[in-house]
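Structure file my_file_36.cif (mmCIF, C-alpha atoms) is printed below.
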```cif
data_coords
#
loop_
_atom_site.label_atom_id
_atom_site.label_comp_id
_atom_site.auth_asym_id
_atom_site.auth_seq_id
_atom_site.Cartn_x
_atom_site.Cartn_y
_atom_site.Cartn_z
CA MET A 212 5.10 -14.65 12.19
CA GLU A 213 3.15 -17.77 11.31
CA GLN A 214 0.09 -15.79 10.23
CA ILE A 215 1.85 -14.16 7.28
CA GLU A 216 0.04 -16.36 4.76
CA LYS A 217 -3.24 -14.76 5.96
CA ALA A 218 -2.03 -11.24 5.14
CA SER A 219 -3.46 -9.67 1.99
CA TYR A 220 -3.80 -6.56 -0.11
CA VAL A 221 -7.32 -5.14 -0.21
CA GLY A 222 -6.60 -1.77 -1.80
CA SER A 223 -8.32 1.52 -1.15
CA PRO A 224 -10.68 3.60 -3.27
CA GLU A 225 -8.95 6.83 -2.19
CA HIS A 226 -5.86 5.76 -4.16
CA LYS A 227 -7.74 4.61 -7.30
CA VAL A 228 -8.80 6.57 -10.36
CA LYS A 229 -10.47 3.59 -12.08
CA ARG A 230 -13.04 1.03 -10.96
CA PHE A 231 -11.33 -1.84 -9.14
CA TRP A 232 -12.31 -5.11 -7.43
CA GLY A 233 -13.36 -3.09 -4.34
CA GLY A 234 -15.77 -0.82 -6.20
CA LEU A 235 -15.67 2.72 -7.51
CA PRO A 236 -12.59 4.94 -7.28
CA GLN A 237 -12.58 7.87 -4.87
CA ALA A 238 -9.34 9.70 -5.69
CA TRP A 239 -9.96 13.32 -6.56
CA ILE A 240 -7.88 14.83 -9.35
CA GLY A 241 -7.57 18.60 -9.14
CA PRO A 242 -7.57 20.99 -12.08
CA ASP A 243 -3.77 20.85 -11.99
CA GLY A 244 -3.92 17.10 -12.69
CA VAL A 245 -2.64 16.19 -9.21
CA ALA A 246 -4.52 13.68 -7.06
CA LYS A 247 -5.53 15.07 -3.67
CA ARG A 248 -7.66 14.27 -0.64
CA PRO A 249 -9.12 16.63 1.95
CA LYS A 250 -6.39 17.74 4.38
CA LYS A 251 -3.70 16.01 2.29
CA GLN A 252 -1.33 17.75 -0.08
CA LYS A 253 -1.23 14.85 -2.49
CA THR A 254 -2.40 11.29 -2.94
CA ASN A 255 -0.31 8.69 -4.71
CA ILE A 256 -2.37 6.78 -7.24
CA CYS A 257 -2.29 2.99 -7.35
CA HIS A 258 -3.20 1.70 -10.81
CA ARG A 259 -3.68 -1.91 -9.70
CA THR A 260 -7.33 -2.61 -10.53
CA THR A 261 -7.68 -6.27 -11.52
CA ALA A 262 -8.10 -9.32 -9.30
CA LYS A 263 -4.83 -10.67 -10.71
CA GLU A 264 -3.02 -7.48 -9.65
CA ARG A 265 -4.66 -7.69 -6.22
CA ASP A 266 -3.41 -11.25 -5.80
CA GLU A 267 0.10 -10.24 -6.92
CA ALA A 268 0.10 -7.38 -4.39
CA SER A 269 -1.04 -9.82 -1.68
CA GLY A 270 2.11 -11.79 -2.47
CA TRP A 271 4.13 -8.60 -2.04
CA VAL A 272 2.51 -8.01 1.37
CA GLN A 273 3.46 -11.51 2.47
CA ALA A 274 6.99 -11.17 1.05
CA ALA A 275 7.51 -7.83 2.83
CA LEU A 276 6.37 -9.31 6.14
CA SER A 277 8.54 -12.40 5.68
CA ALA A 278 11.60 -10.27 4.87
CA GLY A 279 11.03 -7.91 7.79
CA GLN A 280 10.45 -4.93 5.49
CA LEU A 281 8.32 -3.19 8.06
CA ARG A 282 8.19 -0.77 10.92
CA PHE A 283 6.54 -2.35 13.95
CA CYS A 284 5.71 0.21 16.63
CA ASP A 285 4.33 0.01 20.14
CA GLY A 286 0.57 -0.12 19.84
CA ASP A 287 0.57 -2.01 16.53
CA GLY A 288 -1.77 -4.98 16.41
CA THR A 289 -0.92 -8.50 15.30
CA PHE A 290 0.43 -7.09 12.02
CA PRO A 291 2.61 -3.98 11.66
CA LYS A 292 0.97 -0.78 10.46
CA HIS A 293 3.65 0.06 7.87
CA ILE A 294 5.42 -2.21 5.37
CA TRP A 295 7.35 -1.70 2.14
CA TYR A 296 8.18 -3.78 -0.89
CA ARG A 297 10.33 -3.33 -4.01
CA ASP A 298 8.88 -5.05 -7.08
CA LYS A 299 10.85 -6.68 -9.91
CA GLU A 300 10.80 -3.42 -11.91
CA GLY A 301 12.45 -1.61 -8.97
CA GLN A 302 9.33 0.33 -7.90
CA PHE A 303 8.93 0.77 -4.15
CA TRP A 304 5.47 0.27 -2.63
CA PHE A 305 4.25 1.48 0.76
CA GLY A 306 1.76 -0.72 2.57
CA PHE A 307 -0.54 0.58 5.30
CA ALA A 308 -2.54 -1.82 7.46
CA VAL A 309 -6.28 -1.31 7.03
CA ASN A 310 -6.89 -3.94 9.72
CA GLN A 311 -3.91 -4.89 11.89
CA THR A 312 -5.67 -7.90 13.36
CA ALA A 313 -6.69 -9.42 10.01
CA GLY A 314 -3.49 -8.35 8.21
CA THR A 315 -5.21 -6.49 5.39
CA TYR A 316 -3.30 -3.70 3.66
CA LYS A 317 -3.78 -0.90 1.20
CA GLY A 318 -0.77 0.42 -0.65
CA TRP A 319 0.60 2.78 -3.24
CA PRO A 320 3.82 3.43 -5.15
CA ILE A 321 6.48 5.57 -3.45
CA THR A 322 9.86 6.94 -4.45
CA GLU A 323 13.09 5.61 -3.02
CA ALA A 324 13.47 8.88 -1.08
CA GLU A 325 10.00 8.41 0.46
CA LYS A 326 10.93 4.84 1.38
CA ARG A 327 14.16 6.00 3.09
CA GLU A 328 12.30 8.73 4.96
CA ALA A 329 9.72 6.27 6.30
CA PHE A 330 11.84 3.19 7.00
CA ASP A 331 15.56 3.96 7.30
#
```

This entry written out as structure tokens:
Amino acid sequence: MEQIEKASYVGSPEHKVKRFWGGLPQAWIGPDGVAKRPKKQKTNICHRTTAKERDEASGWVQAALSAGQLRFCDGDGTFPKHIWYRDKEGQFWFGFAVNQTAGTYKGWPITEAEKREAFD
């Protein structure tokens, strides 16, 4: 896919608990200390909040696409809806296309079991 270099990480306020390059956080932390959203049992929190971390995550998006670490389904746009990446510390990250035509993604950390469930 020759457009991979255009793909990027834009993040999402619903997975942030601190101000980030995209604005104010919108994750809701319940009294039990667990992040939640309406109609969702839990929300994984992404602690990447700086422009440097955004740029690093954009590199992960491009690396995942280049390596074929994705699930491309009928109906997906130019870019696949779901991607995954394993960083140098061994943490798996799930990427979800915010805009499949532009190749912009939000993402959050996942466990190896969650990765297997979604991609294997």

request  = Please provide as a count of residues only all residues within 12 Å of A:Thr312, with the sequence filter that same-chain residues fewer than 2 positions apart are discarded (counting all atoms listed in the file).
outcome  = 18

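The residue that comes closest to A:Arg259, out of A:Gly301, A:Gly318, A:Gly279, A:Gly244 and on the basis of only C-alpha atoms, is A:Gly318.
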
task = Convert the output of the PyMOL selection byres ((chain A and resi 260) around 12) on the shown file into explicit residues, formatted as an NGL selection string.
result = :A and (220-224 or 226-236 or 256-259 or 261-268)

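For the set A:Ala238, A:Ala278, A:Cys284, A:Ala313, the residue with the smallest atom-to-atom gap to A:Arg297 is A:Ala278, counting all atoms listed in the file.
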
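This file gives the following result for the PyMOL selection byres ((chain A and resi 254) around 9): Glu225, His226, Ala238, Trp239, Val245, Ala246, Lys247, Arg248, Lys251, Gln252, Lys253, Asn255 and Ile256 of chain A.
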
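Minimum distance to A:Ser277 across A:Lys299, A:Glu325, A:Gln237, A:Ile294 (counting all atoms listed in the file) occurs at A:Ile294.
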
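Between A:Trp271 and the residues A:Glu323, A:Pro242, A:Phe305, A:Tyr296, the shortest atom-to-atom distance, using all atoms listed in the file, involves A:Tyr296.
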
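When atom CA of A:Lys326 is paired with atom CA of A:Glu216, their separation reads 24.1 Å.
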
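Each of A:Pro320, A:Lys250, A:Ala274, A:Arg327 was checked against A:Glu300 using all atoms listed in the file; the smallest atom-to-atom distance is that of A:Pro320.
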
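Atom pair atom CA of A:Trp319 / atom CA of A:Phe307: separated by 8.9 Å.
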
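For the atom pair formed by atom CA of A:Trp304 and atom CA of A:Arg282, the distance is 13.9 Å, given to one decimal.
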
Could stretch 272-287 of chain A be completed with N, CA and C atoms and written as a compact mmCIF listing (two decimals), in the frame of the given file, please?
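Contents of result-v2.txt, as written:
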```txt
# COMPACT_ATOMS: atom_id res chain seq x y z
N VAL A 272 2.75 -8.24 -0.06
CA VAL A 272 2.51 -8.01 1.37
C VAL A 272 3.16 -9.14 2.17
N GLN A 273 2.91 -10.36 1.76
CA GLN A 273 3.46 -11.51 2.47
C GLN A 273 4.98 -11.54 2.38
N ALA A 274 5.53 -11.20 1.22
CA ALA A 274 6.99 -11.17 1.05
C ALA A 274 7.62 -10.09 1.93
N ALA A 275 7.00 -8.93 1.99
CA ALA A 275 7.51 -7.83 2.83
C ALA A 275 7.52 -8.24 4.30
N LEU A 276 6.44 -8.86 4.74
CA LEU A 276 6.37 -9.31 6.14
C LEU A 276 7.41 -10.38 6.42
N SER A 277 7.56 -11.32 5.51
CA SER A 277 8.54 -12.40 5.68
C SER A 277 9.97 -11.87 5.74
N ALA A 278 10.26 -10.84 4.95
CA ALA A 278 11.60 -10.27 4.87
C ALA A 278 11.87 -9.23 5.95
N GLY A 279 10.85 -8.92 6.75
CA GLY A 279 11.03 -7.91 7.79
C GLY A 279 11.09 -6.49 7.26
N GLN A 280 10.49 -6.26 6.09
CA GLN A 280 10.45 -4.93 5.49
C GLN A 280 9.26 -4.19 6.07
N LEU A 281 9.43 -3.75 7.31
CA LEU A 281 8.32 -3.19 8.06
C LEU A 281 8.83 -2.28 9.15
N ARG A 282 7.93 -1.55 9.71
CA ARG A 282 8.19 -0.77 10.92
C ARG A 282 7.09 -1.16 11.90
N PHE A 283 7.49 -1.91 12.92
CA PHE A 283 6.54 -2.35 13.95
C PHE A 283 6.72 -1.43 15.14
N CYS A 284 5.66 -0.76 15.54
CA CYS A 284 5.71 0.21 16.63
C CYS A 284 4.86 -0.25 17.81
N ASP A 285 5.18 0.27 18.99
CA ASP A 285 4.33 0.01 20.14
C ASP A 285 2.91 0.41 19.78
N GLY A 286 1.97 -0.41 20.14
CA GLY A 286 0.57 -0.12 19.84
C GLY A 286 0.08 -0.78 18.57
N ASP A 287 1.01 -1.29 17.73
CA ASP A 287 0.57 -2.01 16.53
C ASP A 287 -0.14 -3.28 16.96
```
